[in-house]
file final_36.pdb (PDB, C-alpha atoms)
ATOM      1  CA  MET P 158     109.770 127.284 149.154  1.00  0.00           C
ATOM      2  CA  LYS P 159     113.366 128.278 148.451  1.00  0.00           C
ATOM      3  CA  ARG P 160     114.131 131.967 148.836  1.00  0.00           C
ATOM      4  CA  VAL P 161     116.494 133.841 146.500  1.00  0.00           C
ATOM      5  CA  LEU P 162     117.912 137.284 147.260  1.00  0.00           C
ATOM      6  CA  VAL P 163     118.534 139.280 144.081  1.00  0.00           C
ATOM      7  CA  VAL P 164     120.927 142.227 144.471  1.00  0.00           C
ATOM      8  CA  GLU P 165     120.532 144.202 141.241  1.00  0.00           C
ATOM      9  CA  ASP P 166     120.208 147.961 140.674  1.00  0.00           C
ATOM     10  CA  THR P 167     118.446 147.801 137.294  1.00  0.00           C
ATOM     11  CA  GLU P 168     114.663 147.454 137.540  1.00  0.00           C
ATOM     12  CA  GLU P 169     114.433 145.835 134.104  1.00  0.00           C
ATOM     13  CA  ASN P 170     116.875 143.087 135.105  1.00  0.00           C
ATOM     14  CA  ARG P 171     115.063 142.535 138.411  1.00  0.00           C
ATOM     15  CA  GLN P 172     111.789 142.177 136.488  1.00  0.00           C
ATOM     16  CA  ILE P 173     113.246 139.522 134.159  1.00  0.00           C
ATOM     17  CA  ILE P 174     114.718 137.604 137.101  1.00  0.00           C
ATOM     18  CA  ARG P 175     111.514 138.023 139.154  1.00  0.00           C
ATOM     19  CA  ASP P 176     109.395 136.500 136.358  1.00  0.00           C
ATOM     20  CA  LEU P 177     111.894 133.693 135.910  1.00  0.00           C
ATOM     21  CA  LEU P 178     112.191 132.766 139.584  1.00  0.00           C
ATOM     22  CA  THR P 179     108.517 133.049 140.500  1.00  0.00           C
ATOM     23  CA  SER P 180     107.471 130.950 137.500  1.00  0.00           C
ATOM     24  CA  ALA P 181     110.000 128.313 138.645  1.00  0.00           C
ATOM     25  CA  GLY P 182     108.458 128.297 142.134  1.00  0.00           C
ATOM     26  CA  TYR P 183     111.064 130.304 144.042  1.00  0.00           C
ATOM     27  CA  GLU P 184     110.398 133.214 146.376  1.00  0.00           C
ATOM     28  CA  MET P 185     112.383 136.342 145.471  1.00  0.00           C
ATOM     29  CA  ILE P 186     113.507 139.168 147.701  1.00  0.00           C
ATOM     30  CA  GLU P 187     115.226 142.217 146.227  1.00  0.00           C
ATOM     31  CA  ALA P 188     117.916 144.718 147.086  1.00  0.00           C
ATOM     32  CA  VAL P 189     119.004 147.599 144.849  1.00  0.00           C
ATOM     33  CA  ASP P 190     122.534 148.226 146.161  1.00  0.00           C
ATOM     34  CA  GLY P 191     125.308 146.291 147.864  1.00  0.00           C
ATOM     35  CA  GLU P 192     124.726 147.696 151.323  1.00  0.00           C
ATOM     36  CA  GLU P 193     121.026 146.797 151.211  1.00  0.00           C
ATOM     37  CA  GLY P 194     122.020 143.369 149.883  1.00  0.00           C
ATOM     38  CA  VAL P 195     124.191 142.687 152.935  1.00  0.00           C
ATOM     39  CA  ALA P 196     121.392 143.846 155.274  1.00  0.00           C
ATOM     40  CA  MET P 197     118.728 141.746 153.481  1.00  0.00           C
ATOM     41  CA  ALA P 198     120.974 138.668 153.582  1.00  0.00           C
ATOM     42  CA  ALA P 199     121.307 139.018 157.363  1.00  0.00           C
ATOM     43  CA  GLN P 200     117.600 139.716 157.838  1.00  0.00           C
ATOM     44  CA  HIS P 201     116.113 137.043 155.548  1.00  0.00           C
ATOM     45  CA  ARG P 202     118.804 134.315 155.417  1.00  0.00           C
ATOM     46  CA  PRO P 203     118.022 133.380 151.778  1.00  0.00           C
ATOM     47  CA  ASP P 204     118.888 129.983 150.289  1.00  0.00           C
ATOM     48  CA  LEU P 205     120.810 131.646 147.442  1.00  0.00           C
ATOM     49  CA  ILE P 206     122.011 135.118 146.456  1.00  0.00           C
ATOM     50  CA  LEU P 207     122.249 136.462 142.891  1.00  0.00           C
ATOM     51  CA  MET P 208     124.747 139.325 143.134  1.00  0.00           C
ATOM     52  CA  ASP P 209     125.242 141.967 140.463  1.00  0.00           C
ATOM     53  CA  ILE P 210     128.837 143.229 140.517  1.00  0.00           C
ATOM     54  CA  GLN P 211     128.318 146.814 139.316  1.00  0.00           C
ATOM     55  CA  LEU P 212     126.229 148.225 142.164  1.00  0.00           C
ATOM     56  CA  PRO P 213     125.824 151.624 143.809  1.00  0.00           C
ATOM     57  CA  VAL P 214     127.028 152.259 147.409  1.00  0.00           C
ATOM     58  CA  LEU P 215     128.911 148.956 147.736  1.00  0.00           C
ATOM     59  CA  ASP P 216     129.945 146.889 144.716  1.00  0.00           C
ATOM     60  CA  GLY P 217     129.138 143.205 144.458  1.00  0.00           C
ATOM     61  CA  TYR P 218     132.674 142.120 145.363  1.00  0.00           C
ATOM     62  CA  GLU P 219     132.613 144.019 148.665  1.00  0.00           C
ATOM     63  CA  ALA P 220     129.010 143.033 149.448  1.00  0.00           C
ATOM     64  CA  THR P 221     129.919 139.365 148.902  1.00  0.00           C
ATOM     65  CA  ARG P 222     133.018 139.684 151.103  1.00  0.00           C
ATOM     66  CA  ARG P 223     130.892 141.164 153.915  1.00  0.00           C
ATOM     67  CA  ILE P 224     128.255 138.432 153.624  1.00  0.00           C
ATOM     68  CA  LYS P 225     130.879 135.662 153.567  1.00  0.00           C
ATOM     69  CA  ALA P 226     132.632 137.220 156.613  1.00  0.00           C
ATOM     70  CA  GLN P 227     129.550 136.545 158.775  1.00  0.00           C
ATOM     71  CA  PRO P 228     129.588 133.006 160.206  1.00  0.00           C
ATOM     72  CA  GLU P 229     125.783 132.687 160.072  1.00  0.00           C
ATOM     73  CA  LEU P 230     125.679 133.713 156.382  1.00  0.00           C
ATOM     74  CA  LYS P 231     128.859 132.301 154.863  1.00  0.00           C
ATOM     75  CA  HIS P 232     127.200 129.001 153.864  1.00  0.00           C
ATOM     76  CA  ILE P 233     124.762 130.823 151.535  1.00  0.00           C
ATOM     77  CA  PRO P 234     125.848 130.352 147.909  1.00  0.00           C
ATOM     78  CA  VAL P 235     126.426 133.593 146.002  1.00  0.00           C
ATOM     79  CA  ILE P 236     126.236 133.657 142.199  1.00  0.00           C
ATOM     80  CA  ALA P 237     127.857 136.689 140.592  1.00  0.00           C
ATOM     81  CA  VAL P 238     125.836 138.121 137.704  1.00  0.00           C
ATOM     82  CA  THR P 239     128.007 140.522 135.770  1.00  0.00           C
ATOM     83  CA  SER P 240     128.496 142.171 132.431  1.00  0.00           C
ATOM     84  CA  TYR P 241     132.236 142.335 133.127  1.00  0.00           C
ATOM     85  CA  ALA P 242     132.758 139.166 131.096  1.00  0.00           C
ATOM     86  CA  LEU P 243     136.450 139.852 130.684  1.00  0.00           C
ATOM     87  CA  SER P 244     139.135 137.262 131.184  1.00  0.00           C
ATOM     88  CA  GLY P 245     140.170 137.098 134.806  1.00  0.00           C
ATOM     89  CA  ASP P 246     136.770 138.327 135.895  1.00  0.00           C
ATOM     90  CA  GLU P 247     135.478 134.983 137.017  1.00  0.00           C
ATOM     91  CA  ALA P 248     138.633 134.556 139.112  1.00  0.00           C
ATOM     92  CA  LYS P 249     137.969 137.946 140.716  1.00  0.00           C
ATOM     93  CA  THR P 250     134.428 136.961 141.690  1.00  0.00           C
ATOM     94  CA  LYS P 251     135.729 133.671 143.155  1.00  0.00           C
ATOM     95  CA  ALA P 252     138.385 135.558 145.141  1.00  0.00           C
ATOM     96  CA  ALA P 253     135.618 137.729 146.627  1.00  0.00           C
ATOM     97  CA  GLY P 254     133.809 134.583 147.750  1.00  0.00           C
ATOM     98  CA  CYS P 255     131.285 134.005 144.966  1.00  0.00           C
ATOM     99  CA  ASP P 256     130.335 130.364 144.413  1.00  0.00           C
ATOM    100  CA  GLY P 257     129.181 130.699 140.806  1.00  0.00           C
ATOM    101  CA  TYR P 258     129.231 133.088 137.879  1.00  0.00           C
ATOM    102  CA  VAL P 259     126.796 134.110 135.137  1.00  0.00           C
ATOM    103  CA  ALA P 260     127.755 136.677 132.491  1.00  0.00           C
ATOM    104  CA  LYS P 261     125.286 139.301 131.251  1.00  0.00           C
ATOM    105  CA  PRO P 262     123.457 139.337 128.995  1.00  0.00           C
ATOM    106  CA  PHE P 263     122.299 135.935 130.254  1.00  0.00           C
ATOM    107  CA  SER P 264     119.670 133.714 128.752  1.00  0.00           C
ATOM    108  CA  PRO P 265     116.869 133.075 131.263  1.00  0.00           C
ATOM    109  CA  ARG P 266     117.338 129.324 130.752  1.00  0.00           C
ATOM    110  CA  GLN P 267     121.036 129.578 131.541  1.00  0.00           C
ATOM    111  CA  LEU P 268     120.391 131.609 134.702  1.00  0.00           C
ATOM    112  CA  LEU P 269     117.694 129.237 135.911  1.00  0.00           C
ATOM    113  CA  ALA P 270     119.967 126.239 135.305  1.00  0.00           C
ATOM    114  CA  LYS P 271     122.660 127.905 137.455  1.00  0.00           C
ATOM    115  CA  VAL P 272     120.138 128.639 140.233  1.00  0.00           C
ATOM    116  CA  ARG P 273     118.915 125.021 140.183  1.00  0.00           C
ATOM    117  CA  GLU P 274     122.505 123.769 140.341  1.00  0.00           C
ATOM    118  CA  PHE P 275     122.720 125.273 143.827  1.00  0.00           C
ATOM    119  CA  LEU P 276     119.159 124.804 145.069  1.00  0.00           C
ATOM    120  CA  ASP P 277     118.037 121.362 143.895  1.00  0.00           C
TER     121      ASP P 277
END

call {"tool": "encode", "arguments": {"input": "final_36.pdb", "output": "structure tokens"}}
result
Amino acid sequence: MKRVLVVEDTEENRQIIRDLLTSAGYEMIEAVDGEEGVAMAAQHRPDLILMDIQLPVLDGYEATRRIKAQPELKHIPVIAVTSYALSGDEAKTKAAGCDGYVAKPFSPRQLLAKVREFLD
């Protein structure tokens, strides 16, 4: 079973993503801030990371940079999930090392399609 790490500080968003991923047959692990996200990535070595950008402690850009700086983790695809859907934002997530991008509010179908793009 593929394992997805979701780094998201809003419980409601984690619940939506949890329902979506488990119903699609993925295992989900959760972190509520960027620092915890980096630690969980190292500990669990997920197959994919969904990274919120607006996070407490460490934002999603910095958390992604730290994950991608570790040789044993840098192959893990990171999808940025952000409500900063401004122009230039996608470029900023790519510069931080993100492999994909989903703007909030997302449709569950759209998010699942993006996850499958990387995992199937």

call {"tool": "resolve_selection", "arguments": {"input": "final_36.pdb", "expression": "the PyMOL selection byres ((chain P and resi 259) around 8)", "output": "list of chain:residue names"}}
result
P:Ile236, P:Ala237, P:Val238, P:Thr239, P:Gly257, P:Tyr258, P:Ala260, P:Lys261, P:Phe263, P:Leu268, P:Lys271

call {"tool": "resolve_selection", "arguments": {"input": "final_36.pdb", "expression": "the PyMOL selection byres ((chain P and resi 188) around 8)", "output": "ChimeraX atom specification"}}
result
/P:162-166,186-187,189-191,193-194,197

call {"tool": "atom_distance", "arguments": {"input": "final_36.pdb", "atom1": "CA of Ala196 (chain P)", "atom2": "CA of Ile224 (chain P)"}}
result
8.9 Å

call {"tool": "atom_distance", "arguments": {"input": "final_36.pdb", "atom1": "CA of Gln211 (chain P)", "atom2": "CA of Thr250 (chain P)"}}
result
11.8 Å

call {"tool": "closest_residue", "arguments": {"input": "final_36.pdb", "among": "P:Met208, P:Ala270, P:Val214, P:Leu276", "to": "Gly254 (chain P)", "atoms": "only C-alpha atoms"}}
result
P:Met208

call {"tool": "atom_distance", "arguments": {"input": "final_36.pdb", "atom1": "CA of Pro213 (chain P)", "atom2": "CA of Ala253 (chain P)"}}
result
17.2 Å

call {"tool": "residues_around", "arguments": {"input": "final_36.pdb", "residues": "Met158 (chain P)", "least_positions_apart": "3", "cutoff": "9 Å", "atoms": "all atoms listed in the file", "output": "list in words"}}
result
Gly182, Tyr183 and Glu184 of chain P

call {"tool": "resolve_selection", "arguments": {"input": "final_36.pdb", "expression": "the PyMOL selection byres ((chain P and resi 226-228) around 12)", "output": "ChimeraX atom specification"}}
result
/P:195-196,198-199,202,219-225,229-233,253-254

call {"tool": "closest_residue", "arguments": {"input": "final_36.pdb", "among": "P:Gln172, P:Asp204, P:Leu212, P:Tyr218", "to": "Glu247 (chain P)", "atoms": "only C-alpha atoms"}}
result
P:Tyr218

call {"tool": "closest_residue", "arguments": {"input": "final_36.pdb", "among": "P:Asp246, P:Leu215, P:Glu274, P:Gln267", "to": "Pro234 (chain P)", "atoms": "only C-alpha atoms"}}
result
P:Glu274

call {"tool": "closest_residue", "arguments": {"input": "final_36.pdb", "among": "P:Gly245, P:Leu177, P:Lys251, P:Leu205", "to": "Phe275 (chain P)", "atoms": "only C-alpha atoms"}}
result
P:Leu205

call {"tool": "closest_residue", "arguments": {"input": "final_36.pdb", "among": "P:Asp256, P:Gly217, P:Val161, P:Val235", "to": "Ala181 (chain P)", "atoms": "all atoms listed in the file"}}
result
P:Val161

call {"tool": "closest_residue", "arguments": {"input": "final_36.pdb", "among": "P:Asn170, P:His201, P:Leu178, P:Met185", "to": "Ser240 (chain P)", "atoms": "all atoms listed in the file"}}
result
P:Asn170

call {"tool": "build_atoms", "arguments": {"input": "final_36.pdb", "residues": "region 251-271 of chain P", "atoms": "N, CA, C and O atoms", "output": "short mmCIF file (atom, residue, chain, number, x, y, z; two decimals), in the coordinates of the input"}}
result
data_model
loop_
_atom_site.label_atom_id
_atom_site.label_comp_id
_atom_site.auth_asym_id
_atom_site.auth_seq_id
_atom_site.Cartn_x
_atom_site.Cartn_y
_atom_site.Cartn_z
N LYS P 251 135.42 134.80 142.26
CA LYS P 251 135.73 133.67 143.16
C LYS P 251 136.57 134.15 144.35
O LYS P 251 136.34 133.74 145.48
N ALA P 252 137.53 135.03 144.08
CA ALA P 252 138.38 135.56 145.14
C ALA P 252 137.57 136.34 146.17
O ALA P 252 137.89 136.34 147.35
N ALA P 253 136.48 136.98 145.71
CA ALA P 253 135.62 137.73 146.63
C ALA P 253 134.70 136.80 147.42
O ALA P 253 134.06 137.24 148.36
N GLY P 254 134.63 135.54 147.01
CA GLY P 254 133.81 134.58 147.75
C GLY P 254 132.60 134.07 147.00
O GLY P 254 131.80 133.31 147.55
N CYS P 255 132.44 134.48 145.74
CA CYS P 255 131.28 134.00 144.97
C CYS P 255 131.44 132.52 144.65
O CYS P 255 132.55 132.04 144.41
N ASP P 256 130.32 131.81 144.64
CA ASP P 256 130.34 130.36 144.41
C ASP P 256 130.06 130.00 142.96
O ASP P 256 130.30 128.89 142.53
N GLY P 257 129.51 130.94 142.21
CA GLY P 257 129.18 130.70 140.81
C GLY P 257 129.22 132.01 140.05
O GLY P 257 129.39 133.08 140.64
N TYR P 258 129.02 131.93 138.74
CA TYR P 258 129.23 133.09 137.88
C TYR P 258 128.33 132.98 136.66
O TYR P 258 128.29 131.94 136.02
N VAL P 259 127.59 134.04 136.36
CA VAL P 259 126.80 134.11 135.14
C VAL P 259 127.09 135.45 134.48
O VAL P 259 127.02 136.49 135.14
N ALA P 260 127.46 135.43 133.20
CA ALA P 260 127.76 136.68 132.49
C ALA P 260 126.48 137.27 131.90
O ALA P 260 125.61 136.54 131.45
N LYS P 261 126.38 138.60 131.93
CA LYS P 261 125.29 139.30 131.25
C LYS P 261 125.75 139.64 129.85
O LYS P 261 126.92 139.93 129.68
N PRO P 262 124.87 139.71 128.87
CA PRO P 262 123.46 139.34 129.00
C PRO P 262 123.31 137.82 129.10
O PRO P 262 123.95 137.09 128.37
N PHE P 263 122.50 137.37 130.05
CA PHE P 263 122.30 135.94 130.25
C PHE P 263 121.02 135.51 129.57
O PHE P 263 120.12 136.31 129.36
N SER P 264 120.95 134.22 129.23
CA SER P 264 119.67 133.71 128.75
C SER P 264 118.93 133.26 130.00
O SER P 264 119.55 132.72 130.93
N PRO P 265 117.62 133.50 130.09
CA PRO P 265 116.87 133.07 131.26
C PRO P 265 117.07 131.60 131.58
O PRO P 265 117.22 131.23 132.73
N ARG P 266 117.14 130.77 130.54
CA ARG P 266 117.34 129.32 130.75
C ARG P 266 118.67 129.04 131.44
O ARG P 266 118.76 128.19 132.33
N GLN P 267 119.69 129.75 131.00
CA GLN P 267 121.04 129.58 131.54
C GLN P 267 121.07 130.00 133.02
O GLN P 267 121.64 129.31 133.86
N LEU P 268 120.41 131.13 133.32
CA LEU P 268 120.39 131.61 134.70
C LEU P 268 119.63 130.64 135.60
O LEU P 268 120.09 130.31 136.70
N LEU P 269 118.49 130.17 135.13
CA LEU P 269 117.69 129.24 135.91
C LEU P 269 118.45 127.93 136.15
O LEU P 269 118.41 127.37 137.25
N ALA P 270 119.17 127.47 135.15
CA ALA P 270 119.97 126.24 135.30
C ALA P 270 121.01 126.43 136.40
O ALA P 270 121.24 125.53 137.21
N LYS P 271 121.64 127.61 136.44
CA LYS P 271 122.66 127.90 137.46
C LYS P 271 122.02 127.95 138.84
O LYS P 271 122.57 127.41 139.80
#
